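File shown: upload.tsv. Contents: TSV, C-alpha atoms and all ligand atoms.
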chain	number	residue	atom	x	y	z
A	1	MET	CA	-5.49	23.90	19.80
A	2	LEU	CA	-6.13	25.20	16.27
A	3	VAL	CA	-4.90	22.65	13.72
A	4	LEU	CA	-4.88	23.37	10.00
A	5	VAL	CA	-4.89	20.21	7.89
A	6	ALA	CA	-3.24	20.84	4.54
A	7	ASN	CA	-4.16	18.52	1.68
A	8	LEU	CA	-1.77	19.12	-1.21
A	9	GLY	CA	-2.27	17.57	-4.63
A	10	SER	CA	-0.16	17.99	-7.74
A	11	THR	CA	-2.42	20.88	-8.84
A	12	SER	CA	-4.67	21.44	-5.83
A	13	PHE	CA	-4.59	22.74	-2.27
A	14	LYS	CA	-7.41	22.00	0.16
A	15	TYR	CA	-7.49	22.85	3.83
A	16	ARG	CA	-9.62	22.31	6.90
A	17	LEU	CA	-9.19	24.12	10.16
A	18	PHE	CA	-10.00	22.15	13.34
A	19	ARG	CA	-10.40	23.24	16.94
A	20	MET	CA	-9.08	20.28	18.95
A	21	ASP	CA	-9.08	19.41	22.64
A	22	GLU	CA	-8.87	16.29	24.84
A	23	ASN	CA	-12.46	15.38	23.96
A	24	GLY	CA	-11.95	15.43	20.21
A	25	GLY	CA	-12.59	18.27	17.86
A	26	ASN	CA	-14.55	19.84	15.04
A	27	ASP	CA	-13.71	21.56	11.82
A	28	ILE	CA	-14.52	25.25	11.90
A	29	ALA	CA	-13.59	26.22	8.35
A	30	LYS	CA	-12.51	24.70	5.07
A	31	GLY	CA	-11.60	25.76	1.58
A	32	GLY	CA	-9.65	24.83	-1.48
A	33	TYR	CA	-8.04	25.80	-4.74
A	34	GLU	CA	-7.78	23.96	-8.05
A	35	ARG	CA	-5.26	24.37	-10.89
A	36	VAL	CA	-2.63	25.58	-8.45
A	37	THR	CA	0.70	26.66	-9.92
A	38	ASP	CA	1.98	28.71	-6.99
A	39	TYR	CA	1.56	27.16	-3.53
A	40	ALA	CA	2.85	30.28	-1.80
A	41	ALA	CA	0.09	32.42	-3.29
A	42	VAL	CA	-2.79	30.08	-2.41
A	43	ILE	CA	-1.53	29.40	1.12
A	44	GLU	CA	-1.24	33.12	1.78
A	45	ASP	CA	-4.71	33.61	0.26
A	46	ALA	CA	-6.19	30.85	2.44
A	47	LEU	CA	-4.77	32.42	5.62
A	48	ALA	CA	-6.03	35.87	4.56
A	49	THR	CA	-9.48	34.39	3.87
A	50	LEU	CA	-9.66	32.79	7.33
A	51	GLN	CA	-8.79	36.16	8.87
A	52	ARG	CA	-11.16	38.16	6.68
A	53	ASP	CA	-14.03	35.76	7.47
A	54	GLY	CA	-13.40	36.25	11.18
A	55	ILE	CA	-12.50	32.57	11.79
A	56	ILE	CA	-9.12	33.64	13.17
A	57	GLY	CA	-7.97	37.04	14.44
A	58	SER	CA	-4.51	36.47	12.98
A	59	PRO	CA	-2.65	33.56	11.32
A	60	ASP	CA	-0.49	33.39	14.47
A	61	GLU	CA	-3.46	31.79	16.23
A	62	ILE	CA	-2.97	28.62	14.19
A	63	ASP	CA	-1.01	26.33	16.51
A	64	ALA	CA	-0.17	23.53	14.12
A	65	VAL	CA	-0.35	22.36	10.53
A	66	GLY	CA	-0.80	18.68	9.67
A	67	PHE	CA	0.36	17.09	6.41
A	68	LYS	CA	-0.80	13.66	5.23
A	69	THR	CA	2.51	12.84	3.56
A	70	VAL	CA	2.57	9.65	1.51
A	71	LEU	CA	5.95	7.97	1.36
A	72	GLY	CA	9.34	8.97	2.77
A	73	LYS	CA	12.72	7.34	2.12
A	74	ASP	CA	13.93	5.81	5.42
A	75	LEU	CA	11.28	7.73	7.38
A	76	SER	CA	7.73	7.00	8.54
A	77	GLY	CA	5.45	7.63	11.49
A	78	CYS	CA	3.90	10.82	12.87
A	79	VAL	CA	6.82	13.24	13.06
A	80	ILE	CA	7.67	16.94	13.22
A	81	ALA	CA	7.73	18.15	9.61
A	82	ASP	CA	11.22	19.59	9.28
A	83	GLN	CA	14.09	19.30	6.81
A	84	LYS	CA	14.44	15.56	7.38
A	85	VAL	CA	10.83	15.06	6.23
A	86	ILE	CA	11.49	17.16	3.14
A	87	ASP	CA	14.63	15.11	2.42
A	88	ALA	CA	12.71	11.84	2.90
A	89	LEU	CA	9.94	13.00	0.52
A	90	GLU	CA	12.46	14.12	-2.06
A	91	GLY	CA	14.31	10.81	-1.73
A	92	PHE	CA	11.21	9.00	-2.99
A	93	THR	CA	9.89	11.50	-5.54
A	94	ALA	CA	10.39	8.87	-8.24
A	95	VAL	CA	8.02	6.47	-6.42
A	96	ALA	CA	5.27	8.99	-5.56
A	97	PRO	CA	5.75	11.71	-8.20
A	98	ALA	CA	2.24	13.13	-7.88
A	99	HIS	CA	2.31	13.37	-4.08
A	100	ASN	CA	5.81	13.99	-2.72
A	101	PRO	CA	6.81	17.24	-4.51
A	102	PRO	CA	3.66	19.18	-3.49
A	103	TYR	CA	4.09	18.16	0.16
A	104	ALA	CA	7.76	19.15	0.18
A	105	ALA	CA	6.80	22.51	-1.36
A	106	GLY	CA	3.88	22.94	1.06
A	107	ILE	CA	5.98	22.26	4.16
A	108	ARG	CA	8.58	24.78	2.98
A	109	GLN	CA	5.89	27.39	2.38
A	110	PHE	CA	4.17	26.91	5.76
A	111	GLU	CA	7.56	27.28	7.49
A	112	LYS	CA	7.60	30.78	6.00
A	113	SER	CA	3.90	31.67	6.21
A	114	LEU	CA	3.34	30.40	9.77
A	115	PRO	CA	6.76	30.58	11.50
A	116	LYS	CA	5.21	30.10	14.96
A	117	ALA	CA	3.10	27.03	14.12
A	118	ARG	CA	4.33	23.45	14.72
A	119	LEU	CA	4.34	21.42	11.51
A	120	VAL	CA	3.55	17.71	11.73
A	121	ALA	CA	3.75	15.04	9.03
A	122	LEU	CA	1.71	11.86	9.29
A	123	PHE	CA	3.02	9.40	6.72
A	124	GLU	CA	0.46	7.16	5.02
A	125	THR	CA	2.92	4.34	5.70
A	126	ALA	CA	2.98	4.98	9.48
A	127	PHE	CA	0.37	2.37	10.40
A	128	TYR	CA	2.54	-0.40	8.92
A	129	GLN	CA	5.66	0.18	11.01
A	130	TRP	CA	5.12	-3.06	12.89
A	131	ILE	CA	4.28	-5.53	10.11
A	132	SER	CA	6.54	-8.58	10.18
A	133	ALA	CA	9.70	-8.73	8.08
A	134	ALA	CA	8.20	-11.71	6.26
A	135	SER	CA	5.20	-9.60	5.26
A	136	ALA	CA	7.30	-6.54	4.39
A	137	HIS	CA	9.92	-8.04	2.12
A	138	TYR	CA	9.94	-9.07	-1.50
A	139	ALA	CA	12.26	-11.82	-2.69
A	140	ILE	CA	14.64	-9.46	-4.48
A	141	PRO	CA	18.43	-9.11	-4.49
A	142	ARG	CA	20.08	-7.40	-1.55
A	143	ALA	CA	20.95	-4.35	-3.67
A	144	TRP	CA	17.25	-3.76	-4.41
A	145	ARG	CA	16.40	-3.98	-0.72
A	146	ASP	CA	19.22	-1.56	0.03
A	147	ILE	CA	17.62	1.13	-2.15
A	148	GLY	CA	14.39	0.82	-0.17
A	149	ILE	CA	12.28	-1.62	-2.18
A	150	ARG	CA	9.90	-3.38	0.22
A	151	ARG	CA	6.22	-3.34	1.16
A	152	TYR	CA	5.28	-0.04	2.82
A	153	GLY	CA	1.46	0.05	2.66
A	154	PHE	CA	-0.69	3.18	2.23
A	155	HIS	CA	-4.01	4.64	3.43
A	156	GLY	CA	-2.58	4.35	6.95
A	157	ALA	CA	-4.60	7.25	8.36
A	158	SER	CA	-7.84	5.71	7.12
A	159	HIS	CA	-7.11	2.15	8.28
A	160	LYS	CA	-5.92	3.37	11.68
A	161	PHE	CA	-9.17	5.26	12.15
A	162	ILE	CA	-11.06	2.08	11.24
A	163	ALA	CA	-8.97	0.14	13.78
A	164	GLU	CA	-10.01	2.60	16.50
A	165	ARG	CA	-13.67	2.98	15.57
A	166	SER	CA	-14.27	-0.74	14.91
A	167	ALA	CA	-12.80	-1.53	18.33
A	168	GLU	CA	-15.28	0.90	19.91
A	169	LEU	CA	-18.14	-0.71	17.98
A	170	CYS	CA	-16.99	-4.13	19.24
A	171	ASP	CA	-17.08	-2.74	22.82
A	172	ARG	CA	-13.29	-3.07	23.03
A	173	THR	CA	-12.40	0.27	24.57
A	174	ASP	CA	-9.06	-1.25	25.64
A	175	VAL	CA	-8.06	-1.85	22.01
A	176	ALA	CA	-9.43	1.55	20.91
A	177	GLU	CA	-7.15	3.18	23.48
A	178	ILE	CA	-4.16	1.18	22.20
A	179	VAL	CA	-4.91	2.47	18.70
A	180	ARG	CA	-5.27	6.06	19.90
A	181	ARG	CA	-1.84	5.94	21.55
A	182	LEU	CA	-0.15	3.74	18.93
A	183	TYR	CA	2.18	6.40	17.53
A	184	LEU	CA	3.13	7.48	21.05
A	185	ASP	CA	3.55	4.13	22.84
A	186	GLY	CA	3.78	1.51	20.06
A	187	PRO	CA	1.83	-1.80	20.12
A	188	GLN	CA	0.60	-2.95	23.54
A	189	PRO	CA	-0.54	-6.37	24.79
A	190	VAL	CA	-4.26	-6.89	25.43
A	191	SER	CA	-5.52	-8.67	28.50
A	192	GLY	CA	-8.70	-10.19	27.03
A	193	SER	CA	-9.19	-12.12	23.81
A	194	ALA	CA	-7.58	-10.89	20.60
A	195	LEU	CA	-9.51	-8.45	18.38
A	196	ARG	CA	-9.17	-9.35	14.68
A	197	VAL	CA	-10.33	-6.83	12.09
A	198	ILE	CA	-10.08	-6.54	8.32
A	199	SER	CA	-10.48	-3.03	6.94
A	200	CYS	CA	-11.43	-2.48	3.29
A	201	HIS	CA	-10.70	1.07	2.12
A	202	LEU	CA	-12.39	1.13	-1.29
A	203	GLY	CA	-12.30	4.46	-3.09
A	204	GLY	CA	-10.49	6.10	-5.98
A	205	SER	CA	-7.59	4.09	-4.69
A	206	SER	CA	-8.19	1.04	-2.56
A	207	SER	CA	-6.51	-1.27	-0.09
A	208	VAL	CA	-7.30	-4.04	2.40
A	209	THR	CA	-5.51	-4.22	5.76
A	210	GLY	CA	-5.45	-6.93	8.43
A	211	ILE	CA	-5.43	-5.58	12.00
A	212	LEU	CA	-4.67	-7.52	15.21
A	213	ASN	CA	-5.34	-5.80	18.55
A	214	GLY	CA	-5.28	-2.42	16.83
A	215	VAL	CA	-2.02	-2.94	14.95
A	216	ALA	CA	-1.70	-3.65	11.21
A	217	ILE	CA	-0.26	-7.09	10.42
A	218	GLY	CA	-0.24	-6.65	6.66
A	219	THR	CA	-1.83	-4.83	3.76
A	220	SER	CA	-2.58	-5.26	0.08
A	221	MET	CA	-0.53	-2.17	-0.92
A	222	GLY	CA	3.15	-2.75	-1.48
A	223	PHE	CA	6.10	-0.59	-2.48
A	224	SER	CA	4.12	2.12	-4.26
A	225	PRO	CA	0.46	3.18	-4.46
A	226	GLN	CA	0.46	1.30	-7.80
A	227	SER	CA	0.04	-2.03	-6.06
A	228	GLY	CA	-2.62	-4.27	-4.54
A	229	LEU	CA	-6.25	-4.06	-5.68
A	230	PRO	CA	-7.14	-2.67	-9.11
A	231	GLN	CA	-7.29	1.12	-8.53
A	232	ASN	CA	-9.38	3.64	-10.46
A	233	ASN	CA	-6.82	4.02	-13.26
A	234	ARG	CA	-3.74	2.44	-11.65
A	235	VAL	CA	-2.89	-1.16	-12.28
A	236	GLY	CA	-2.67	-2.75	-8.84
A	237	ASP	CA	-0.66	-5.96	-8.54
A	238	LEU	CA	1.03	-7.04	-11.77
A	239	ASP	CA	3.49	-9.83	-12.48
A	240	SER	CA	6.84	-8.10	-12.93
A	241	GLY	CA	7.44	-10.27	-16.00
A	242	ALA	CA	4.62	-8.44	-17.80
A	243	LEU	CA	6.48	-5.12	-17.91
A	244	PRO	CA	9.49	-6.11	-20.03
A	245	TYR	CA	7.27	-8.30	-22.19
A	246	ALA	CA	4.84	-5.44	-22.94
A	247	MET	CA	7.65	-2.96	-23.56
A	248	ARG	CA	9.40	-5.22	-26.03
A	249	THR	CA	6.30	-6.52	-27.77
A	250	LEU	CA	4.44	-3.21	-28.02
A	251	GLY	CA	7.65	-1.29	-28.66
A	252	ILE	CA	6.97	1.26	-25.90
A	253	SER	CA	9.42	3.07	-23.65
A	254	LEU	CA	9.62	2.69	-19.89
A	255	ASP	CA	8.05	6.14	-19.45
A	256	GLU	CA	5.16	5.23	-21.73
A	257	ALA	CA	4.65	1.88	-20.00
A	258	GLU	CA	4.60	3.68	-16.64
A	259	ARG	CA	2.10	6.21	-17.96
A	260	GLN	CA	-0.21	3.47	-19.20
A	261	LEU	CA	0.06	1.54	-15.93
A	262	THR	CA	-0.75	4.64	-13.86
A	263	LYS	CA	-3.26	6.43	-16.09
A	264	GLU	CA	-4.94	3.87	-18.34
A	265	SER	CA	-5.10	0.73	-16.21
A	266	GLY	CA	-7.09	-0.39	-13.18
A	267	LEU	CA	-10.89	-0.14	-13.41
A	268	LEU	CA	-10.57	2.18	-16.41
A	269	GLY	CA	-8.24	-0.17	-18.26
A	270	LEU	CA	-10.35	-3.26	-17.64
A	271	SER	CA	-13.75	-1.69	-18.28
A	272	GLY	CA	-12.78	0.65	-21.12
A	273	VAL	CA	-15.63	2.79	-19.78
A	274	SER	CA	-14.55	4.96	-16.87
A	275	ASN	CA	-12.44	5.07	-13.72
A	276	ASP	CA	-15.60	5.65	-11.66
A	277	ILE	CA	-17.41	2.58	-10.38
A	278	ARG	CA	-20.79	4.34	-10.79
A	279	ASP	CA	-20.29	4.59	-14.57
A	280	ILE	CA	-18.95	1.04	-14.66
A	281	ASN	CA	-22.00	-0.25	-12.74
A	282	ALA	CA	-24.31	1.53	-15.19
A	283	ALA	CA	-22.48	0.07	-18.19
A	284	ALA	CA	-22.52	-3.42	-16.68
A	285	ALA	CA	-26.27	-3.12	-16.09
A	286	GLN	CA	-26.61	-2.39	-19.84
A	287	GLY	CA	-24.79	-5.64	-20.61
A	288	ASN	CA	-21.22	-4.35	-21.14
A	289	ALA	CA	-19.10	-7.45	-20.47
A	290	ASP	CA	-15.85	-5.54	-19.90
A	291	ALA	CA	-17.54	-3.34	-17.30
A	292	GLN	CA	-18.77	-6.47	-15.52
A	293	LEU	CA	-15.25	-7.91	-15.71
A	294	ALA	CA	-13.83	-4.80	-14.01
A	295	ILE	CA	-16.33	-5.14	-11.14
A	296	ASP	CA	-15.71	-8.89	-10.86
A	297	ALA	CA	-11.92	-8.39	-10.82
A	298	LEU	CA	-12.19	-5.78	-8.07
A	299	VAL	CA	-14.44	-8.06	-5.99
A	300	HIS	CA	-12.13	-11.02	-6.62
A	301	SER	CA	-9.11	-9.06	-5.44
A	302	ILE	CA	-10.86	-7.76	-2.30
A	303	ARG	CA	-11.94	-11.31	-1.40
A	304	HIS	CA	-8.44	-12.60	-2.10
A	305	TRP	CA	-6.99	-10.22	0.51
A	306	ILE	CA	-9.81	-10.77	2.99
A	307	GLY	CA	-9.11	-14.50	2.72
A	308	ALA	CA	-5.40	-13.99	3.26
A	309	PHE	CA	-5.85	-11.86	6.40
A	310	ASN	CA	-8.68	-14.01	7.76
A	311	PHE	CA	-6.23	-16.91	7.67
A	312	GLU	CA	-3.29	-14.94	9.07
A	313	LEU	CA	-5.39	-13.48	11.87
A	314	GLY	CA	-6.70	-16.96	12.72
A	315	GLY	CA	-10.31	-15.82	12.28
A	316	LEU	CA	-12.20	-12.57	12.25
A	317	ASP	CA	-14.28	-10.41	14.58
A	318	ALA	CA	-15.09	-7.48	12.29
A	319	LEU	CA	-15.05	-6.80	8.56
A	320	VAL	CA	-15.23	-3.09	7.77
A	321	PHE	CA	-15.99	-1.15	4.58
A	322	THR	CA	-14.93	2.48	4.18
A	323	ALA	CA	-14.24	5.23	1.57
A	324	GLY	CA	-16.34	6.16	-1.48
A	325	ILE	CA	-17.05	2.70	-2.87
A	326	GLY	CA	-17.01	0.93	0.51
A	327	GLU	CA	-19.51	3.38	2.00
A	328	ASN	CA	-21.85	3.65	-1.00
A	329	GLY	CA	-21.49	0.44	-2.97
A	330	SER	CA	-24.05	-1.88	-1.39
A	331	ASP	CA	-24.01	-4.25	-4.41
A	332	LEU	CA	-20.25	-4.49	-4.23
A	333	ARG	CA	-20.37	-5.17	-0.47
A	334	ALA	CA	-22.90	-7.94	-1.11
A	335	ALA	CA	-20.67	-9.44	-3.82
A	336	VAL	CA	-17.65	-9.35	-1.50
A	337	CYS	CA	-19.56	-11.13	1.31
A	338	LYS	CA	-21.27	-13.71	-0.92
A	339	ASN	CA	-21.07	-17.36	0.18
A	340	LEU	CA	-18.86	-16.67	3.20
A	341	GLU	CA	-21.28	-18.09	5.79
A	342	GLY	CA	-18.79	-20.90	6.37
A	343	PHE	CA	-16.39	-18.26	7.67
A	344	GLY	CA	-19.02	-16.71	9.94
A	345	ILE	CA	-19.57	-13.76	7.56
A	346	LEU	CA	-23.29	-13.25	6.96
A	347	LEU	CA	-24.64	-10.00	5.57
A	348	ASP	CA	-28.16	-8.69	6.31
A	349	PRO	CA	-29.34	-7.76	2.77
A	350	ASP	CA	-31.83	-5.13	3.99
A	351	LYS	CA	-29.41	-3.42	6.35
A	352	ASN	CA	-26.79	-3.51	3.61
A	353	SER	CA	-28.94	-1.93	0.92
A	354	ALA	CA	-30.28	0.68	3.37
A	355	CYS	CA	-26.77	1.82	4.32
A	356	ARG	CA	-25.26	4.65	2.28
A	357	ALA	CA	-22.40	6.79	3.50
A	358	SER	CA	-23.29	6.49	7.16
A	359	GLU	CA	-22.01	4.37	10.02
A	360	ALA	CA	-23.95	1.12	10.24
A	361	MET	CA	-23.77	-2.51	11.33
A	362	ILE	CA	-24.88	-4.47	8.26
A	363	SER	CA	-24.34	-8.07	9.41
A	364	ASP	CA	-27.14	-10.52	10.10
A	365	ASP	CA	-27.82	-11.02	13.81
A	366	ASP	CA	-26.54	-14.60	13.41
A	367	SER	CA	-23.27	-13.54	11.79
A	368	LEU	CA	-20.23	-14.44	13.89
A	369	VAL	CA	-18.31	-11.62	12.24
A	370	LYS	CA	-19.62	-8.06	12.65
A	371	ILE	CA	-19.81	-6.40	9.24
A	372	MET	CA	-19.61	-2.61	9.45
A	373	VAL	CA	-19.65	0.49	7.31
A	374	ILE	CA	-17.61	3.32	8.82
A	375	PRO	CA	-17.30	6.59	6.88
A	376	ALA	CA	-13.73	7.74	6.28
A	377	ASN	CA	-12.71	11.09	7.72
A	378	GLU	CA	-9.04	11.41	6.98
A	379	GLU	CA	-8.70	15.11	7.81
A	380	LEU	CA	-10.13	14.58	11.29
A	381	VAL	CA	-7.81	11.63	11.79
A	382	LEU	CA	-4.89	13.85	10.90
A	383	ALA	CA	-6.02	16.66	13.22
A	384	ARG	CA	-6.33	14.12	16.06
A	385	GLU	CA	-2.86	12.71	15.45
A	386	VAL	CA	-1.36	16.21	15.35
A	387	PHE	CA	-3.11	17.07	18.61
A	388	ARG	CA	-1.87	13.83	20.26
A	389	LYS	CA	1.66	14.38	19.00
A	390	LEU	CA	1.87	17.92	20.32
A	391	SER	CA	-0.08	17.49	23.59
A	401	LIG	P1	-10.51	9.01	-3.12
A	401	LIG	O1	-9.78	7.73	-2.98
A	401	LIG	O2	-10.24	9.70	-4.41
A	401	LIG	O3	-10.46	9.89	-1.90
A	401	LIG	P2	-13.27	8.40	-2.45
A	401	LIG	O4	-13.03	7.65	-1.22
A	401	LIG	O5	-14.03	9.66	-2.41
A	401	LIG	O6	-11.99	8.59	-3.33
A	401	LIG	O7	-14.02	7.41	-3.45
A	401	LIG	C1	-14.28	7.77	-4.76
A	401	LIG	C2	-15.01	6.64	-5.43
A	401	LIG	O8	-16.20	6.35	-4.71
A	401	LIG	C3	-15.45	7.01	-6.84
A	401	LIG	O9	-14.56	6.46	-7.78
A	401	LIG	C4	-16.78	6.36	-6.97
A	401	LIG	O10	-16.60	5.25	-7.80
A	401	LIG	C5	-17.18	5.87	-5.61
A	401	LIG	N1	-18.49	6.36	-5.24
A	401	LIG	C6	-18.83	7.60	-4.83
A	401	LIG	N2	-20.17	7.69	-4.64
A	401	LIG	C7	-20.68	6.47	-4.94
A	401	LIG	C8	-21.99	5.91	-4.95
A	401	LIG	N3	-23.06	6.63	-4.61
A	401	LIG	N4	-22.11	4.60	-5.31
A	401	LIG	C9	-21.04	3.86	-5.64
A	401	LIG	N5	-19.79	4.35	-5.65
A	401	LIG	C10	-19.60	5.63	-5.31
Kindly return the structure encoded in the file as structure tokens.
Ligand code: ADP
Amino acid sequence: MLVLVANLGSTSFKYRLFRMDENGGNDIAKGGYERVTDYAAVIEDALATLQRDGIIGSPDEIDAVGFKTVLGKDLSGCVIADQKVIDALEGFTAVAPAHNPPYAAGIRQFEKSLPKARLVALFETAFYQWISAASAHYAIPRAWRDIGIRRYGFHGASHKFIAERSAELCDRTDVAEIVRRLYLDGPQPVSGSALRVISCHLGGSSSVTGILNGVAIGTSMGFSPQSGLPQNNRVGDLDSGALPYAMRTLGISLDEAERQLTKESGLLGLSGVSNDIRDINAAAAQGNADAQLAIDALVHSIRHWIGAFNFELGGLDALVFTAGIGENGSDLRAAVCKNLEGFGILLDPDKNSACRASEAMISDDDSLVKIMVIPANEELVLAREVFRKLS
């Protein structure tokens, strides 16, 4: 099955073409466009390029297109991308303004450009369909709940991949199989002992998810991708009382407050240096106290969520780091794991510093908890889910 994974940003279009079968799959082509103003033109150009390069004989050979949609109103999961997906995306444009409109436009365009292909949407919220009501709900008035305000969670494709791969690395093929079939069969009981995993997706945007027997029990991200850990330039969790106070005291409008919370906050806001942890690390090494504060606040928040899920899971079997910072940031991993021996979390400093952007077990042999680095591969995850959905 030929699966095209379409990654649509507010001004970009990237794609990867995968050949998938029961044994997995590989990407056979990829490409992308920046400063996109016309999705129709770049999608047509991408299909023409694949044909001209001899990757496909004709666009009709593409069996399916996968979309990593972010947040839908009253809709989640891995679903056929039809009008109801477009309606769900448009229903929450105000919550995910950078992500939802391009995906709605992209789905519409692929319906025209590839009329024979099956279109599949995998919502980033899909992995959190089974979190408890207590974990999902904020203490807000009924009317706020009725308009869809609750915890949704994001980075679902990444955390689900970690759930599957960490289970394999813990020799729990039973749990890995539950994860593989999760969107087809739902959560399943395990016969052996429980498998308890905490997944830390630390990148441009970051989240921590607790996973029991392959199913998410909770996550640091809430209603919008603005929440949870400090993000690159997005605020993360903020006391709701701070918003009206800042607006009134600084004399700024709601739009301006929103802009500052999404563009000038997070690691950038705290450090005053950059939204990239590499620049912040360099500044901190030169003695910049605000840069050090940004790193410390990120580490503090990661540990806060690890602590919460460790407690909720009743202990831990594996702690996993993934995405740009999680895969590359050995100093940050060491800071996160510091002084946690009492919880059975013991890092091997040499294995940790040797590991960069590759799969590795970085715990000490005496650590009760396996500490792992697993590279993220969200496009492959999407291609796999599309293949499973359509097979
Ligand atoms: P996104 O969430 O945008 O997909 P990534 O998962 O690619 O992002 O992560 C991007 C982040 O990874 C960057 O902000 C950068 O801080 C961090 N990063 C990338 N390479 C390194 C590195 N060698 N060392 C530390 N951090 C890195």
Restricting the calculation to only C-alpha atoms and all ligand atoms: of A:Gly266, A:Pro97, A:Gly324, A:Gly24, which residue gets closest to ligand LIG 401 (chain A)? A:Gly324
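Around ligand LIG 401 (chain A), the neighbouring residues within 8 Å, taking all atoms listed in the file, come to His201, Leu202, Gly203, Gly204, Ser205, Ser206, Asn232, Asn275, Asp276, Ile277, Arg278, Asp279, Thr322, Ala323, Gly324, Ile325, Gly326, Glu327, Asn328, Gly329, Ser330, Arg356 and Ala376 of chain A.
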Can you spit out the residues from that selection as a tab-separated table (two decimals), in the coordinates of the input, using C-alpha atoms?
chain	number	residue	atom	x	y	z
A	201	HIS	CA	-10.70	1.07	2.12
A	202	LEU	CA	-12.39	1.13	-1.29
A	203	GLY	CA	-12.30	4.46	-3.09
A	204	GLY	CA	-10.49	6.10	-5.98
A	205	SER	CA	-7.59	4.09	-4.69
A	206	SER	CA	-8.19	1.04	-2.56
A	232	ASN	CA	-9.38	3.64	-10.46
A	275	ASN	CA	-12.44	5.07	-13.72
A	276	ASP	CA	-15.60	5.65	-11.66
A	277	ILE	CA	-17.41	2.58	-10.38
A	278	ARG	CA	-20.79	4.34	-10.79
A	279	ASP	CA	-20.29	4.59	-14.57
A	322	THR	CA	-14.93	2.48	4.18
A	323	ALA	CA	-14.24	5.23	1.57
A	324	GLY	CA	-16.34	6.16	-1.48
A	325	ILE	CA	-17.05	2.70	-2.87
A	326	GLY	CA	-17.01	0.93	0.51
A	327	GLU	CA	-19.51	3.38	2.00
A	328	ASN	CA	-21.85	3.65	-1.00
A	329	GLY	CA	-21.49	0.44	-2.97
A	330	SER	CA	-24.05	-1.88	-1.39
A	356	ARG	CA	-25.26	4.65	2.28
A	376	ALA	CA	-13.73	7.74	6.28
For region 291-301 of chain A, work out the shell of residues within 8 Å, counting all atoms listed in the file and skipping chain neighbours fewer than 2 positions away, then give it as a PyMOL selection string. chain A and resi 229-230+267+270-273+277+280-281+283-284+287-289+303-305+332+335-336
Selection near region 339-345 of chain A, 9 Å with all atoms listed in the file, sequence-local residues under 4 positions removed, as an NGL selection string: :A and (310 or 315-316 or 319 or 335 or 363-364 or 366-371)
To one decimal place, how far is CA of Leu347 (chain A) from CA of Ile362 (chain A) in Å?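 For CA of Leu347 (chain A) relative to CA of Ile362 (chain A), the distance reads 6.2 Å.
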What are the closest atom pairs, with distances in Å to one decimal, for each residue of region 86-166 of chain A lying within 12 Å of region 36-54 of chain A, using only C-alpha atoms, rows by chain and rising residue number, as a Markdown table?
| residue | atom | partner | partner_atom | distance |
| --- | --- | --- | --- | --- |
| A:Pro101 | CA | A:Tyr39 | CA | 11.3 |
| A:Pro102 | CA | A:Tyr39 | CA | 8.3 |
| A:Tyr103 | CA | A:Tyr39 | CA | 10.1 |
| A:Ala104 | CA | A:Tyr39 | CA | 10.8 |
| A:Ala105 | CA | A:Tyr39 | CA | 7.3 |
| A:Gly106 | CA | A:Tyr39 | CA | 6.7 |
| A:Ile107 | CA | A:Tyr39 | CA | 10.1 |
| A:Arg108 | CA | A:Ala40 | CA | 9.3 |
| A:Gln109 | CA | A:Ala40 | CA | 5.9 |
| A:Phe110 | CA | A:Ile43 | CA | 7.8 |
| A:Glu111 | CA | A:Ala40 | CA | 10.8 |
| A:Lys112 | CA | A:Ala40 | CA | 9.1 |
| A:Ser113 | CA | A:Glu44 | CA | 6.9 |
| A:Leu114 | CA | A:Leu47 | CA | 9.3 |
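Of the listed residues A:Arg16, A:Lys338, A:Lys68, A:Lys30, the one whose atoms come nearest to Val85 (chain A) is A:Lys68, with distances taken using only C-alpha atoms.
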To one decimal in Å, tell me the separation between CA of Ser207 (chain A) and CA of Cys337 (chain A). 16.4 Å
Between CA of Val95 (chain A) and CA of Ser224 (chain A), what is the distance in Å, rounded to a tenth?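 Answer for the CA of Val95 (chain A) to CA of Ser224 (chain A) separation: 6.2 Å.
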Counting only C-alpha atoms, closest pick from A:Ile211, A:Leu89, A:Ala98, A:Leu119 relative to Ile131 (chain A) is A:Ile211
Write out as a tab-separated table a residue-level contact list of region 53-144 of chain A versus region 17-23 of chain A with cut-off 12 Å: for each qualifying residue the closest pair of atoms and the distance in Å to one decimal, counting all atoms listed in the file, rows sorted by chain and residue number upward.
residue	atom	partner	partner_atom	distance
A:Ile55	CA	A:Leu17	CA	9.2
A:Ile56	CA	A:Leu17	CA	10.0
A:Pro59	CA	A:Leu17	CA	11.5
A:Glu61	CA	A:Arg19	CA	11.0
A:Ile62	CA	A:Leu17	CA	8.7
A:Asp63	CA	A:Arg19	CA	9.9
A:Ala64	CA	A:Leu17	CA	9.9
A:Val65	CA	A:Leu17	CA	9.0
A:Gly66	CA	A:Leu17	CA	10.0
Rank nothing, just name the residue among A:Ala121, A:Val5, A:Ile217, A:Leu182 nearest to Ala134 (chain A), using all atoms listed in the file.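 Nearest candidate to Ala134 (chain A) out of A:Ala121, A:Val5, A:Ile217, A:Leu182: A:Ile217.
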Have a look at A:Ala88, A:Pro225, A:Arg181, A:Pro189 and name the one nearest to Gly153 (chain A); count all atoms listed in the file.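 Going through A:Ala88, A:Pro225, A:Arg181, A:Pro189 one by one, the smallest distance to Gly153 (chain A) is for A:Pro225.
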Point (1.9, 0.6, 9.0) neighbourhood (8 Å, all atoms listed in the file) written as an NGL selection string: :A and (124-131 or 152-154 or 156 or 215-216 or 218)
